[in-house]
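target_30.cif (mmCIF, C-alpha atoms) appears below.
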data_upload
loop_
_atom_site.label_atom_id
_atom_site.label_comp_id
_atom_site.auth_asym_id
_atom_site.auth_seq_id
_atom_site.Cartn_x
_atom_site.Cartn_y
_atom_site.Cartn_z
CA MET Q 1291 -2.77 -26.80 6.78
CA SER Q 1292 -4.95 -23.69 6.87
CA ILE Q 1293 -3.86 -20.32 8.20
CA GLU Q 1294 -6.36 -20.59 11.04
CA GLN Q 1295 -4.86 -23.91 12.15
CA THR Q 1296 -1.31 -22.56 12.22
CA THR Q 1297 -2.26 -19.84 14.71
CA ASN Q 1298 -3.13 -22.50 17.30
CA GLN Q 1299 0.57 -23.39 17.45
CA VAL Q 1300 2.23 -19.98 17.38
CA ASN Q 1301 2.25 -16.99 19.69
CA ALA Q 1302 4.41 -14.56 17.73
CA ILE Q 1303 5.51 -13.35 14.33
CA LYS Q 1304 9.03 -12.29 13.42
CA LEU Q 1305 8.68 -9.01 11.56
CA TYR Q 1306 10.22 -9.49 8.13
CA VAL Q 1307 12.20 -6.44 7.00
CA ARG Q 1308 12.66 -5.96 3.28
CA THR Q 1309 15.70 -4.25 1.75
CA ASP Q 1310 13.60 -2.36 -0.82
CA ARG Q 1311 12.56 1.27 -1.00
CA MET Q 1312 10.10 2.88 1.42
CA GLY Q 1313 6.88 1.92 -0.36
CA SER Q 1314 7.60 -1.79 -0.67
CA THR Q 1315 9.09 -2.07 2.81
CA ILE Q 1316 6.36 -0.27 4.75
CA THR Q 1317 3.51 -1.85 2.78
CA SER Q 1318 5.07 -5.19 3.70
CA TYR Q 1319 5.05 -4.30 7.41
CA ILE Q 1320 1.34 -3.50 7.35
CA PRO Q 1321 -0.09 -6.97 6.50
CA GLN Q 1322 2.29 -8.57 9.00
CA ILE Q 1323 0.99 -6.23 11.70
CA ILE Q 1324 -2.59 -6.91 10.63
CA TYR Q 1325 -2.04 -10.65 10.83
CA ALA Q 1326 -0.57 -10.33 14.33
CA VAL Q 1327 -3.34 -8.03 15.54
CA HIS Q 1328 -6.06 -10.28 14.15
CA HIS Q 1329 -4.65 -13.37 15.86
CA GLY Q 1330 -3.35 -11.68 19.03
CA LEU Q 1331 0.29 -12.54 18.28
CA TYR Q 1332 3.37 -10.86 19.70
CA ILE Q 1333 5.36 -8.93 17.08
CA ASP Q 1334 9.01 -9.83 17.54
CA TYR Q 1335 11.33 -7.22 16.05
CA THR Q 1336 14.54 -5.30 16.71
CA PRO Q 1337 13.86 -1.54 16.68
CA GLU Q 1338 17.26 -0.66 15.19
CA GLN Q 1339 16.68 -3.10 12.33
CA MET Q 1340 13.19 -1.87 11.42
CA ARG Q 1341 13.99 0.13 8.29
CA TYR Q 1342 12.20 3.49 7.81
CA ALA Q 1343 11.06 3.53 11.46
CA ALA Q 1344 13.60 6.06 12.67
CA ASP Q 1345 13.69 8.29 9.60
CA THR Q 1346 10.09 8.44 8.32
CA ILE Q 1347 6.86 9.47 10.00
CA TYR Q 1348 5.09 6.49 8.43
CA GLY Q 1349 7.45 3.88 9.82
CA LYS Q 1350 7.66 5.66 13.16
CA VAL Q 1351 3.93 5.48 13.83
CA LEU Q 1352 3.93 1.79 12.88
CA GLN Q 1353 6.75 1.06 15.30
CA GLU Q 1354 4.93 2.90 18.07
CA TYR Q 1355 1.77 0.96 17.24
CA ILE Q 1356 3.68 -2.34 17.43
CA ASN Q 1357 4.93 -1.43 20.91
CA VAL Q 1358 1.41 -0.61 22.09
CA HIS Q 1359 0.03 -3.81 20.56
CA ASN Q 1360 2.69 -5.93 22.26
CA GLN Q 1361 1.87 -4.38 25.63
CA ARG Q 1362 -1.84 -4.80 24.97
CA ILE Q 1363 -1.54 -8.57 24.54
CA GLY Q 1364 0.56 -9.03 27.66
CA GLY Q 1365 4.11 -8.52 26.50
CA LYS Q 1366 6.78 -10.85 25.20
CA PRO Q 1367 6.10 -14.59 25.70
CA GLN Q 1368 8.71 -16.48 27.67
CA ILE Q 1369 9.02 -18.97 24.82
CA MET Q 1370 8.18 -17.70 21.37
CA ASP Q 1371 6.85 -19.99 18.65
CA HIS Q 1372 6.97 -17.88 15.49
CA LYS Q 1373 4.59 -18.14 12.59
CA GLN Q 1374 6.40 -19.41 9.51
CA TRP Q 1375 5.56 -17.36 6.44
CA LEU Q 1376 5.35 -19.43 3.27
CA SER Q 1377 7.84 -17.15 1.50
CA PRO Q 1378 8.54 -13.94 3.42
CA ASP Q 1379 10.61 -12.34 0.66
CA GLU Q 1380 7.58 -12.39 -1.66
CA TRP Q 1381 5.49 -9.29 -0.99
CA ALA Q 1382 2.34 -10.92 -2.39
CA VAL Q 1383 2.61 -13.97 -0.12
CA ILE Q 1384 2.61 -11.97 3.12
CA ALA Q 1385 -0.14 -9.63 1.90
CA SER Q 1386 -2.39 -12.49 0.81
CA GLU Q 1387 -1.87 -14.45 4.03
CA ALA Q 1388 -3.21 -11.44 5.93
CA VAL Q 1389 -6.12 -11.09 3.49
CA LEU Q 1390 -7.06 -14.75 3.94
CA ALA Q 1391 -6.92 -14.30 7.72
CA VAL Q 1392 -9.10 -11.19 8.00
CA LYS Q 1393 -11.23 -11.93 4.90
CA GLN Q 1394 -11.04 -8.40 3.54
CA ASP Q 1395 -8.57 -6.25 1.65
CA ILE Q 1396 -5.57 -4.84 3.49
CA GLY Q 1397 -6.52 -1.21 2.88
CA SER Q 1398 -10.00 -1.36 4.38
CA TYR Q 1399 -8.75 -3.26 7.44
CA PHE Q 1400 -5.84 -0.90 8.03
CA ARG Q 1401 -7.90 2.26 7.59
CA SER Q 1402 -10.75 1.07 9.81
CA LYS Q 1403 -8.87 -0.68 12.65
CA ILE Q 1404 -5.31 0.69 12.83
CA LEU Q 1405 -5.16 4.10 11.15
CA PRO Q 1406 -7.70 5.72 13.55
CA GLU Q 1407 -5.37 4.87 16.43
CA ILE Q 1408 -2.21 6.21 14.80
CA ARG Q 1409 -3.76 9.15 12.92
CA PRO Q 1410 -3.35 11.79 15.70
CA ARG Q 1411 0.34 10.94 16.05
CA LEU Q 1412 0.80 10.87 12.26
CA LEU Q 1413 -0.81 14.30 11.90
CA ALA Q 1414 1.37 15.71 14.69
CA LEU Q 1415 4.55 14.35 13.10
CA ALA Q 1416 3.51 15.70 9.69
CA GLU Q 1417 2.94 19.14 11.18
CA GLN Q 1418 6.31 19.03 12.97
CA ALA Q 1419 7.98 18.10 9.68
CA GLY Q 1420 6.34 21.07 7.95
CA PHE Q 1421 4.26 18.94 5.60
CA THR Q 1422 1.03 20.81 6.31
CA ALA Q 1423 2.37 24.29 5.48
CA GLY Q 1424 3.04 25.93 2.13
CA ILE Q 1425 1.16 23.42 0.00
CA PRO Q 1426 1.08 24.86 -3.55
CA PHE Q 1427 -2.52 23.83 -4.23
CA ASN Q 1428 -5.80 23.29 -2.44
CA LEU Q 1429 -5.90 19.64 -1.32
CA ASP Q 1430 -9.70 19.78 -1.44
CA LYS Q 1431 -9.65 20.81 -5.11
CA VAL Q 1432 -6.85 18.76 -6.62
CA ILE Q 1433 -6.41 15.58 -8.65
CA LEU Q 1434 -2.95 14.16 -7.96
CA VAL Q 1435 -1.58 11.65 -10.46
CA HIS Q 1436 1.39 9.50 -9.50
CA LEU Q 1437 3.58 8.44 -12.42
CA ARG Q 1438 6.27 5.89 -11.69
CA LEU Q 1439 8.90 6.50 -14.34
CA GLU Q 1440 12.48 6.74 -13.21
CA ASP Q 1441 13.19 3.02 -12.78
CA VAL Q 1442 10.68 1.42 -15.16
CA ALA Q 1443 10.36 3.79 -18.11
CA HIS Q 1444 12.33 1.49 -20.42
CA LEU Q 1445 10.10 -1.55 -19.81
CA PRO Q 1446 7.18 -2.60 -22.01
CA SER Q 1447 3.63 -2.90 -20.71
CA CYS Q 1448 2.23 -6.25 -19.62
CA ASN Q 1449 -1.04 -8.11 -19.10
CA ARG Q 1450 -1.93 -6.91 -15.62
CA GLU Q 1451 -5.52 -8.14 -15.81
CA ALA Q 1452 -4.36 -11.73 -16.31
CA GLU Q 1453 -2.04 -11.67 -13.32
CA CYS Q 1454 -4.76 -10.13 -11.09
CA LYS Q 1455 -7.23 -12.83 -12.08
CA PHE Q 1456 -4.61 -15.48 -11.34
CA PHE Q 1457 -4.12 -14.06 -7.83
CA TYR Q 1458 -7.87 -13.70 -7.25
CA ASN Q 1459 -8.21 -17.37 -8.15
CA GLN Q 1460 -5.57 -18.27 -5.56
CA LEU Q 1461 -7.40 -16.25 -2.92
CA ASP Q 1462 -10.63 -18.04 -3.87
CA LYS Q 1463 -8.84 -21.35 -3.23
CA GLY Q 1464 -7.71 -20.10 0.19
CA VAL Q 1465 -4.01 -20.26 -0.63
CA PRO Q 1466 -1.41 -17.47 -0.48
CA CYS Q 1467 -0.57 -15.70 -3.73
CA THR Q 1468 2.65 -16.99 -5.24
CA ASP Q 1469 4.06 -16.03 -8.60
CA PRO Q 1470 2.53 -18.09 -11.41
CA ILE Q 1471 4.70 -20.01 -13.81
CA LEU Q 1472 2.56 -19.48 -16.87
CA PRO Q 1473 3.66 -18.27 -20.30
CA ASP Q 1474 0.74 -15.85 -20.65
CA VAL Q 1475 1.02 -14.24 -17.21
CA ASN Q 1476 3.86 -11.79 -16.57
CA VAL Q 1477 4.16 -11.08 -12.85
CA VAL Q 1478 7.00 -8.58 -13.16
CA CYS Q 1479 4.51 -5.81 -13.85
CA GLN Q 1480 5.85 -2.77 -12.04
CA ARG Q 1481 5.83 -0.86 -15.29
CA PRO Q 1482 4.76 2.55 -16.57
CA ILE Q 1483 1.11 2.83 -17.53
CA GLU Q 1484 0.45 3.75 -21.15
CA PRO Q 1485 0.02 7.54 -21.52
CA SER Q 1486 -3.29 7.03 -23.35
CA LYS Q 1487 -4.64 5.07 -20.36
CA ILE Q 1488 -3.45 7.72 -17.92
CA MET Q 1489 -5.09 10.45 -19.97
CA SER Q 1490 -8.39 8.57 -20.09
CA ILE Q 1491 -8.41 8.20 -16.28
CA ILE Q 1492 -7.52 11.88 -15.82
CA ASP Q 1493 -10.35 12.83 -18.19
CA GLN Q 1494 -12.73 10.64 -16.20
CA ALA Q 1495 -11.69 12.31 -12.95
CA LYS Q 1496 -11.94 15.80 -14.48
CA THR Q 1497 -15.45 15.03 -15.71
CA GLU Q 1498 -16.45 14.06 -12.19
CA TYR Q 1499 -14.61 16.98 -10.57
CA PRO Q 1500 -14.47 19.78 -13.17
CA ASP Q 1501 -13.37 22.42 -10.65
CA HIS Q 1502 -10.25 20.46 -9.60
CA GLU Q 1503 -6.70 21.18 -10.76
CA VAL Q 1504 -4.52 18.32 -12.02
CA TYR Q 1505 -0.96 17.92 -10.75
CA LEU Q 1506 1.51 15.15 -11.50
CA VAL Q 1507 3.75 13.57 -8.88
CA CYS Q 1508 6.50 12.11 -11.00
CA SER Q 1509 9.98 12.16 -12.44
CA PRO Q 1510 10.61 13.56 -15.95
CA HIS Q 1511 10.38 11.97 -19.39
CA ASN Q 1512 6.72 11.33 -20.04
CA ARG Q 1513 4.56 13.06 -22.63
CA VAL Q 1514 1.65 13.32 -20.18
CA GLN Q 1515 3.85 15.70 -18.20
CA ALA Q 1516 3.71 18.37 -20.91
CA MET Q 1517 -0.02 18.83 -20.30
CA TYR Q 1518 -0.06 19.32 -16.52
CA PRO Q 1519 2.13 20.92 -13.85
CA ARG Q 1520 4.46 18.60 -11.97
CA ILE Q 1521 5.06 18.51 -8.23
CA MET Q 1522 8.12 16.71 -6.94
CA THR Q 1523 9.48 18.20 -3.75
CA GLY Q 1524 12.57 16.00 -3.49
CA ASN Q 1525 11.17 14.64 -0.23
CA ASP Q 1526 9.52 11.23 -0.65
CA GLN Q 1527 7.66 11.60 2.65
CA LEU Q 1528 6.18 14.97 1.71
CA ASP Q 1529 5.17 13.83 -1.77
CA LEU Q 1530 3.44 10.84 -0.21
CA TRP Q 1531 1.71 13.06 2.35
CA LEU Q 1532 0.28 15.19 -0.45
CA MET Q 1533 -0.93 12.09 -2.29
CA ALA Q 1534 -2.49 10.63 0.86
CA ASN Q 1535 -4.40 13.82 1.56
CA ALA Q 1536 -5.45 14.90 -1.92
CA HIS Q 1537 -9.18 14.79 -2.58
CA VAL Q 1538 -8.60 12.74 -5.75
CA LEU Q 1539 -5.66 10.37 -6.27
CA ILE Q 1540 -4.75 8.38 -9.36
CA THR Q 1541 -2.22 5.70 -8.47
CA SER Q 1542 0.55 4.14 -10.52
CA ILE Q 1543 1.87 0.58 -10.61
CA SER Q 1544 3.86 1.20 -7.46
CA THR Q 1545 3.76 0.28 -3.77
CA TYR Q 1546 4.63 3.92 -3.09
CA SER Q 1547 1.24 5.13 -4.31
CA LEU Q 1548 -0.41 2.09 -2.69
CA MET Q 1549 1.09 3.30 0.57
CA ALA Q 1550 -0.60 6.67 0.03
CA VAL Q 1551 -3.95 4.87 -0.15
CA TYR Q 1552 -3.23 3.11 3.16
CA TYR Q 1553 -2.24 6.31 4.97
CA SER Q 1554 -4.99 8.59 3.69
CA CYS Q 1555 -6.28 10.71 6.54
CA ARG Q 1556 -9.40 11.85 4.72
CA SER Q 1557 -12.55 9.76 4.56
CA ASP Q 1558 -13.75 11.45 1.36
CA GLN Q 1559 -10.71 10.66 -0.77
CA ARG Q 1560 -11.59 9.46 -4.25
CA VAL Q 1561 -9.06 6.92 -5.55
CA TYR Q 1562 -8.56 5.61 -9.05
CA MET Q 1563 -6.32 2.59 -8.47
CA ALA Q 1564 -4.22 0.87 -11.09
CA LEU Q 1565 -4.56 -2.86 -10.50
CA TRP Q 1566 -1.56 -5.18 -10.75
CA ASN Q 1567 -0.37 -8.21 -8.81
CA HIS Q 1568 0.44 -6.45 -5.50
CA PRO Q 1569 -2.97 -4.78 -4.98
CA ALA Q 1570 -4.64 -7.99 -6.19
CA ALA Q 1571 -2.76 -10.02 -3.56
CA ALA Q 1572 -3.82 -7.41 -0.99
CA GLY Q 1573 -7.47 -8.07 -1.89
CA PHE Q 1574 -8.21 -4.89 -3.86
CA GLY Q 1575 -10.69 -5.53 -6.65
CA HIS Q 1576 -11.55 -9.05 -5.49
CA PRO Q 1577 -15.29 -9.68 -5.97
CA GLN Q 1578 -15.87 -10.81 -2.37
CA LEU Q 1579 -12.87 -9.66 -0.31
CA ASP Q 1580 -12.59 -6.06 -1.49
CA GLN Q 1581 -14.26 -3.68 0.96
CA SER Q 1582 -12.45 -0.53 -0.15
CA LYS Q 1583 -14.58 -0.29 -3.33
CA LEU Q 1584 -12.23 2.07 -5.15
CA ASN Q 1585 -12.28 2.95 -8.85
CA TYR Q 1586 -10.10 0.25 -10.40
CA PHE Q 1587 -8.51 0.15 -13.83
CA TYR Q 1588 -6.01 -2.00 -15.73
#

Structure translated into C-alpha cells:
Amino acid sequence: MSIEQTTNQVNAIKLYVRTDRMGSTITSYIPQIIYAVHHGLYIDYTPEQMRYAADTIYGKVLQEYINVHNQRIGGKPQIMDHKQWLSPDEWAVIASEAVLAVKQDIGSYFRSKILPEIRPRLLALAEQAGFTAGIPFNLDKVILVHLRLEDVAHLPSCNREAECKFFYNQLDKGVPCTDPILPDVNVVCQRPIEPSKIMSIIDQAKTEYPDHEVYLVCSPHNRVQAMYPRIMTGNDQLDLWLMANAHVLITSISTYSLMAVYYSCRSDQRVYMALWNHPAAAGFGHPQLDQSKLNYFY
C-alpha cells in the first residue's frame, strides 16, 4: 500500500519521541511534522513528553509550530485514526516516508515552508539566550567545521557511498529506507571522517573563500585540531546556533550538524555536507529528490 493511500484512512500522527541526544531527536521530529503538514493531519503529542521542547530553543519553536498547525486544521479530531509508521524507532524510515510524501529532501522543504514561519520566534529566543552577543568571530567571514569525535573516535571508517546508494535505490522504488542486510554495506556509519578528507574539504572551502577564518566545533583528540582554533562553548544550543549561522559550514557524520543545516537562518550559507545513511534517507544528494543542492562528499 502506498503512502498516499494510507493518508485516506488516517487523520492524525502520533509524534514519536526518541530517547537519543538533541540532534537525533529533533531531526526525527521534523519529518514527522512535515508529513503531517503535507497531508493535513493532526499531530497528537503530550507536551510534557516532547523531549527538548521545554529546554531548547529549537524544540520550543517546533512545539509552538505544532500547536499552530493543529489549530489551523481545525483542532483535535473526535476520533483519531493514527498513521502507522513502518518502524518508528528507525530514524531513516520516518525521514524517508516524509521524503516520499513531499517528493523532495527534508531540508529544502523545512527551510522553504516551515522555517520562515518559526524564524522570527527562533531569532528572538536566541537573542534572549545571549547567543547573538559576544561571538568570537565574524559569522560572515568564517568556515565552521564540525568534528564528531567524543563517542565515535575509536571506530573505523566505513563505506558510506555504498549505503547512500542503497537508500537512494529504495527511494527510487518508492519504499521507506530500512537498514540493508548486505555484507558489503555497513549502515552503522556514524563515524569520524578521515583527517585527510576533512583537510581536503577545508582546503576546498578556503580556496573558494580565502578571506575566511577556519574554526573547529569539536571535542579534543584529532590531529586536524592542531592546525585550527577550536570553539566549544559547553552549550550545545549555542554551538549549533553558530554552525547554523556561519557563512560556510562543513558537517560531520552527525544528526547534530544536520540539524544546523535545517535551522540555518541565512539564505547564503554555503554547506559542505558529509553524506551517510541519514542524509541519504532524508533525500540529500538524491539525483531527483534533492532540492537543497549542497556540496556533498563521502

*Run the PyMOL selection byres ((chain Q and resi 1298-1314) around 8) on the file and write out the hits as number ranges by chain.*
Q: 1294-1297, 1315-1319, 1322, 1326, 1330-1335, 1339-1342, 1367, 1370-1374, 1378-1379, 1381, 1544-1549

_Nearest to Cys1555 of chain Q by atom-to-atom distance, counting only C-alpha atoms, from Q:Thr1468, Q:Asn1567, Q:Asn1535, Q:Asn1525_ = Q:Asn1535

*Atomic distance atom CA of Thr1523 of chain Q - atom CA of Val1507 of chain Q, expressed in Å with one decimal*: 9.0 Å

*Chain and number of each residue from the PyMOL selection byres ((chain Q and resi 1587) around 12), as JSON, numbers by chain*: {"Q": [1450, 1451, 1454, 1483, 1487, 1488, 1490, 1491, 1492, 1494, 1540, 1541, 1542, 1543, 1561, 1562, 1563, 1564, 1565, 1566, 1569, 1570, 1574, 1575, 1584, 1585, 1586, 1588]}

Produce a file of the selected residues containing C-alpha atoms, as a short mmCIF file (atom, residue, chain, number, x, y, z; two decimals), in the frame of the given file.
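The resulting file, part_20.cif, is shown below:
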data_model
loop_
_atom_site.label_atom_id
_atom_site.label_comp_id
_atom_site.auth_asym_id
_atom_site.auth_seq_id
_atom_site.Cartn_x
_atom_site.Cartn_y
_atom_site.Cartn_z
CA ARG Q 1450 -1.93 -6.91 -15.62
CA GLU Q 1451 -5.52 -8.14 -15.81
CA CYS Q 1454 -4.76 -10.13 -11.09
CA ILE Q 1483 1.11 2.83 -17.53
CA LYS Q 1487 -4.64 5.07 -20.36
CA ILE Q 1488 -3.45 7.72 -17.92
CA SER Q 1490 -8.39 8.57 -20.09
CA ILE Q 1491 -8.41 8.20 -16.28
CA ILE Q 1492 -7.52 11.88 -15.82
CA GLN Q 1494 -12.73 10.64 -16.20
CA ILE Q 1540 -4.75 8.38 -9.36
CA THR Q 1541 -2.22 5.70 -8.47
CA SER Q 1542 0.55 4.14 -10.52
CA ILE Q 1543 1.87 0.58 -10.61
CA VAL Q 1561 -9.06 6.92 -5.55
CA TYR Q 1562 -8.56 5.61 -9.05
CA MET Q 1563 -6.32 2.59 -8.47
CA ALA Q 1564 -4.22 0.87 -11.09
CA LEU Q 1565 -4.56 -2.86 -10.50
CA TRP Q 1566 -1.56 -5.18 -10.75
CA PRO Q 1569 -2.97 -4.78 -4.98
CA ALA Q 1570 -4.64 -7.99 -6.19
CA PHE Q 1574 -8.21 -4.89 -3.86
CA GLY Q 1575 -10.69 -5.53 -6.65
CA LEU Q 1584 -12.23 2.07 -5.15
CA ASN Q 1585 -12.28 2.95 -8.85
CA TYR Q 1586 -10.10 0.25 -10.40
CA TYR Q 1588 -6.01 -2.00 -15.73
#

_d(atom CA of Ile1320 of chain Q, atom CA of His1576 of chain Q) in Å_ = 19.0 Å

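Proximity ranking of Q:Met1489, Q:Ala1419, Q:Ala1495, Q:Val1465 relative to Ala1385 of chain Q places Q:Val1465 first, based on only C-alpha atoms.
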
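Counting from atom CA of Asp1469 of chain Q, the distance to atom CA of Ala1382 of chain Q is 8.2 Å.
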
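Minimum atom-to-atom distance to Ser1398 of chain Q, evaluated using all atoms listed in the file, belongs to Q:Leu1579 out of Q:Leu1579, Q:Ala1343, Q:Ala1550, Q:Leu1376.
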
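Residue nearest Tyr1355 of chain Q within the list Q:Arg1409, Q:Lys1431, Q:Arg1520, Q:Lys1463: Q:Arg1409 [criterion: smallest interatomic distance, all atoms listed in the file].
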
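Residue nearest Asp1529 of chain Q, chosen from Q:Gln1361, Q:Gln1368, Q:Gln1460, Q:Thr1422 and counting only C-alpha atoms: Q:Thr1422.
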
*Using the chain letters and numbers from the file, which residues does the PyMOL selection byres ((chain Q and resi 1553) around 12) grab, as a VMD selection string?*
chain Q and resid 1313 1316 to 1317 1320 1347 to 1349 1351 to 1352 1396 to 1402 1404 to 1409 1412 to 1413 1416 1527 1530 to 1536 1546 to 1552 1554 to 1557 1559

Selection from above, C-alpha atoms, as a short mmCIF file (atom, residue, chain, number, x, y, z; two decimals), in the coordinates of the input, can you write it?
data_model
loop_
_atom_site.label_atom_id
_atom_site.label_comp_id
_atom_site.auth_asym_id
_atom_site.auth_seq_id
_atom_site.Cartn_x
_atom_site.Cartn_y
_atom_site.Cartn_z
CA GLY Q 1313 6.88 1.92 -0.36
CA ILE Q 1316 6.36 -0.27 4.75
CA THR Q 1317 3.51 -1.85 2.78
CA ILE Q 1320 1.34 -3.50 7.35
CA ILE Q 1347 6.86 9.47 10.00
CA TYR Q 1348 5.09 6.49 8.43
CA GLY Q 1349 7.45 3.88 9.82
CA VAL Q 1351 3.93 5.48 13.83
CA LEU Q 1352 3.93 1.79 12.88
CA ILE Q 1396 -5.57 -4.84 3.49
CA GLY Q 1397 -6.52 -1.21 2.88
CA SER Q 1398 -10.00 -1.36 4.38
CA TYR Q 1399 -8.75 -3.26 7.44
CA PHE Q 1400 -5.84 -0.90 8.03
CA ARG Q 1401 -7.90 2.26 7.59
CA SER Q 1402 -10.75 1.07 9.81
CA ILE Q 1404 -5.31 0.69 12.83
CA LEU Q 1405 -5.16 4.10 11.15
CA PRO Q 1406 -7.70 5.72 13.55
CA GLU Q 1407 -5.37 4.87 16.43
CA ILE Q 1408 -2.21 6.21 14.80
CA ARG Q 1409 -3.76 9.15 12.92
CA LEU Q 1412 0.80 10.87 12.26
CA LEU Q 1413 -0.81 14.30 11.90
CA ALA Q 1416 3.51 15.70 9.69
CA GLN Q 1527 7.66 11.60 2.65
CA LEU Q 1530 3.44 10.84 -0.21
CA TRP Q 1531 1.71 13.06 2.35
CA LEU Q 1532 0.28 15.19 -0.45
CA MET Q 1533 -0.93 12.09 -2.29
CA ALA Q 1534 -2.49 10.63 0.86
CA ASN Q 1535 -4.40 13.82 1.56
CA ALA Q 1536 -5.45 14.90 -1.92
CA TYR Q 1546 4.63 3.92 -3.09
CA SER Q 1547 1.24 5.13 -4.31
CA LEU Q 1548 -0.41 2.09 -2.69
CA MET Q 1549 1.09 3.30 0.57
CA ALA Q 1550 -0.60 6.67 0.03
CA VAL Q 1551 -3.95 4.87 -0.15
CA TYR Q 1552 -3.23 3.11 3.16
CA SER Q 1554 -4.99 8.59 3.69
CA CYS Q 1555 -6.28 10.71 6.54
CA ARG Q 1556 -9.40 11.85 4.72
CA SER Q 1557 -12.55 9.76 4.56
CA GLN Q 1559 -10.71 10.66 -0.77
#

*Near Asp1580 of chain Q, counting only C-alpha atoms, which residues have an atom at most 6 Å away, once you skip same-chain residues fewer than 6 positions from it, shown as a ChimeraX atom specification?*
/Q:1394-1395,1573-1574

*asked:* Ranking Q:Gly1424, Q:Pro1485, Q:Gly1464, Q:Pro1410 by minimum distance to Leu1437 of chain Q and counting only C-alpha atoms, which one comes first?
replied: Q:Pro1485
